[in-house]
Amino acid sequence: MDGYIAITGGIGSGKSYVCRLIEKRGISIYDCDAAAKRLMRTSASLRRQLQELIPGSIPPTPSAGALDKAVIAQFLLASEANARALNDIVHPAVALDFVQSGQQWLESAILFQSGFHHRVSFSHVIAVTAPAELRLQRVMARDGISRDKALEWMARQWPQEETLKLADYEIVNDGLQPLLPQIDAILSSLSHKSPSTPSTP
């Protein structure tokens with residue numbers, strides 16, 4: 001099983017849960033969201049760029065407090081241009097951190113939408129999907145938000161159909177189809193793929 005492998009899926013698809021199941025198979029998965037938060041806490045250069053882009057979002061030093069998630073979320077939801085501007089600052093740092101981590105698998109909710117797949121060359125992409133209504137209910141329950149707010153967040157992401165067009169594999173997480181047989185079938189398929197050489201950002 002050679003080359004970089006990405007797992008993606010829209011909000012409420014259960015992507016992170018699927019990743020935890022894969023990790024139980026002995027595979028370490030790099031979490032893009034967690035890495036971005038870590039880098040925004042620890043990288044002086046990244047913090048400076050974010051403060052310039054979103055005033056008030058970043059304390060002057062890591063010891064001064066956490067990121068203001070509300071300020072960042074408001075900025076993100078304001079426009080697609082804002083989201084692109086934030087991604088253009090954070091994603092190069094995350095891509096470099098991933099390549100330097102030595103890990104092969106990566107988890108990213110907006111892999112295609114953000115253009116992250118252009119920063120790192122992935123040999124295979126796995127998309128986790130679920131019915132729209134089920135995704136909506138999961139997001140509402142997980143985050144304690146209204147249906148309208150959950151719909152707003154979902155609308156900011158690509159439709160599942162668009163993600164599936166670019167993915168190599170699909171894992172259906174609808175609560176009906178067992179996940180482990182799907183995961184094992186994909187792992188078996190990947191183990192028989194011909195080797196490829198990962199690319200750096």
# chains A, B, ... in the order shown; residues from 1 in each chain; ligands from 1
call {"tool": "residues_around", "arguments": {"residues": "Ala73 in chain A", "least_positions_apart": "3", "cutoff": "12 Å", "atoms": "only C-alpha atoms", "output": "list in words"}}
result
Ile54, Ser57, Leu67, Asp68, Lys69, Ala70, Leu76, Leu77, Ala78, Ser79, Asn82, Ala83, Leu86, Trp153 and Arg156 of chain A
call {"tool": "write_last_selection", "arguments": {"atoms": "N, CA, C and O atoms", "output": "compact mmCIF listing (two decimals), in the first residue's frame"}}
result
# COMPACT_ATOMS: atom_id res chain seq x y z
N ILE A 54 -7.63 38.28 10.01
CA ILE A 54 -8.83 38.32 10.86
C ILE A 54 -8.45 38.97 12.19
O ILE A 54 -8.14 38.27 13.16
N SER A 57 -8.77 37.52 16.09
CA SER A 57 -8.96 36.07 16.12
C SER A 57 -7.86 35.33 16.85
O SER A 57 -8.06 34.23 17.36
N LEU A 67 -7.61 30.40 20.36
CA LEU A 67 -8.16 31.08 19.20
C LEU A 67 -9.62 31.43 19.47
O LEU A 67 -10.33 30.70 20.15
N ASP A 68 -10.06 32.55 18.92
CA ASP A 68 -11.46 32.93 19.05
C ASP A 68 -12.24 32.27 17.92
O ASP A 68 -12.31 32.79 16.81
N LYS A 69 -12.80 31.10 18.22
CA LYS A 69 -13.48 30.31 17.18
C LYS A 69 -14.69 31.05 16.61
O LYS A 69 -15.00 30.92 15.42
N ALA A 70 -15.37 31.83 17.44
CA ALA A 70 -16.55 32.55 16.97
C ALA A 70 -16.17 33.59 15.93
O ALA A 70 -16.86 33.75 14.90
N LEU A 76 -15.41 33.08 8.21
CA LEU A 76 -15.56 32.02 7.21
C LEU A 76 -16.91 32.06 6.52
O LEU A 76 -17.02 31.90 5.30
N LEU A 77 -17.96 32.26 7.31
CA LEU A 77 -19.32 32.22 6.77
C LEU A 77 -19.68 33.48 5.97
O LEU A 77 -20.67 33.48 5.24
N ALA A 78 -18.88 34.51 6.10
CA ALA A 78 -19.21 35.78 5.44
C ALA A 78 -19.15 35.68 3.93
O ALA A 78 -19.96 36.28 3.22
N SER A 79 -18.18 34.90 3.41
CA SER A 79 -18.05 34.79 1.95
C SER A 79 -17.11 33.66 1.57
O SER A 79 -16.27 33.24 2.37
N ASN A 82 -13.51 34.83 1.70
CA ASN A 82 -12.90 34.76 3.02
C ASN A 82 -12.37 33.36 3.30
O ASN A 82 -11.27 33.19 3.83
N ALA A 83 -13.17 32.36 2.94
CA ALA A 83 -12.75 30.97 3.16
C ALA A 83 -11.49 30.66 2.36
O ALA A 83 -10.57 30.01 2.87
N LEU A 86 -8.43 32.30 4.01
CA LEU A 86 -7.98 31.57 5.20
C LEU A 86 -7.26 30.29 4.80
O LEU A 86 -6.20 29.96 5.33
N TRP A 153 -24.33 25.35 7.40
CA TRP A 153 -23.00 24.76 7.36
C TRP A 153 -22.89 23.74 6.22
O TRP A 153 -21.89 23.70 5.50
N ARG A 156 -22.40 25.18 2.79
CA ARG A 156 -21.08 25.74 2.53
C ARG A 156 -20.11 24.70 1.95
O ARG A 156 -19.03 25.05 1.49
call {"tool": "select_by_dssp", "arguments": {"residues": "range 6-163 of chain A", "states": "strand (DSSP E or B)", "output": "PDB file with C-alpha atoms, in the first residue's frame"}}
result
ATOM      1  CA  ALA A   6      -6.988  10.738   1.788  1.00  0.00           C
ATOM      2  CA  ILE A   7     -10.316  10.248   3.523  1.00  0.00           C
ATOM      3  CA  THR A   8     -12.928  12.936   2.984  1.00  0.00           C
ATOM      4  CA  ILE A  29      -4.416   8.897  10.140  1.00  0.00           C
ATOM      5  CA  TYR A  30      -3.290  12.529  10.077  1.00  0.00           C
ATOM      6  CA  ASP A  31      -6.150  14.816  11.179  1.00  0.00           C
ATOM      7  CA  TRP A 105      -3.187   8.576   5.504  1.00  0.00           C
ATOM      8  CA  LEU A 106      -4.889  11.949   5.888  1.00  0.00           C
ATOM      9  CA  GLU A 107      -8.382  13.033   6.950  1.00  0.00           C
ATOM     10  CA  PHE A 122      -2.919  11.500  -3.275  1.00  0.00           C
ATOM     11  CA  SER A 123      -2.804   8.079  -4.863  1.00  0.00           C
ATOM     12  CA  HIS A 124      -6.310   7.240  -3.656  1.00  0.00           C
ATOM     13  CA  VAL A 125      -9.222   9.103  -2.100  1.00  0.00           C
ATOM     14  CA  ILE A 126     -11.973   7.534   0.015  1.00  0.00           C
ATOM     15  CA  ALA A 127     -15.264   9.418   0.385  1.00  0.00           C
ATOM     16  CA  VAL A 128     -17.543   8.768   3.370  1.00  0.00           C
ATOM     17  CA  THR A 129     -21.185   9.464   2.559  1.00  0.00           C
TER      18      THR A 129
END
call {"tool": "closest_residue", "arguments": {"among": "A:Ile58, A:Leu53, A:Ala95, A:Leu187", "to": "Ala81 in chain A", "atoms": "only C-alpha atoms"}}
result
A:Leu53
call {"tool": "residues_around", "arguments": {"residues": "Ala93 in chain A", "least_positions_apart": "5", "cutoff": "9 Å", "atoms": "only C-alpha atoms", "output": "list in words"}}
result
Ala36, Leu39, Leu46 and Phe98 of chain A
call {"tool": "atom_distance", "arguments": {"atom1": "CA of His91 in chain A", "atom2": "CA of Phe116 in chain A"}}
result
6.9 Å
call {"tool": "closest_residue", "arguments": {"among": "A:Gln74, A:Gln104, A:Ser146, A:Ser114", "to": "Pro92 in chain A", "atoms": "only C-alpha atoms"}}
result
A:Ser114
call {"tool": "residues_around", "arguments": {"residues": "Pro178 in chain A", "least_positions_apart": "6", "cutoff": "12 Å", "atoms": "only C-alpha atoms", "output": "PyMOL selection string"}}
result
chain A and resi 18+21+171-172+184-185
call {"tool": "select_by_dssp", "arguments": {"residues": "chain A", "states": "helix (DSSP H, G or I)", "output": "number ranges by chain"}}
result
A: 15-23, 32-42, 44-53, 62-64, 69-78, 80-101, 116-118, 132-143, 147-155, 160-166, 179-191
call {"tool": "atom_distance", "arguments": {"atom1": "CA of Pro159 in chain A", "atom2": "CA of His118 in chain A"}}
result
19.4 Å
call {"tool": "closest_residue", "arguments": {"among": "A:Val71, A:Phe112, A:Ser28, A:Leu190", "to": "Leu166 in chain A", "atoms": "only C-alpha atoms"}}
result
A:Phe112
call {"tool": "closest_residue", "arguments": {"among": "A:Leu176, A:Ile72, A:Ile5, A:Val90", "to": "Arg38 in chain A", "atoms": "only C-alpha atoms"}}
result
A:Val90
call {"tool": "atom_distance", "arguments": {"atom1": "CA of Glu161 in chain A", "atom2": "CA of Glu23 in chain A"}}
result
26.1 Å
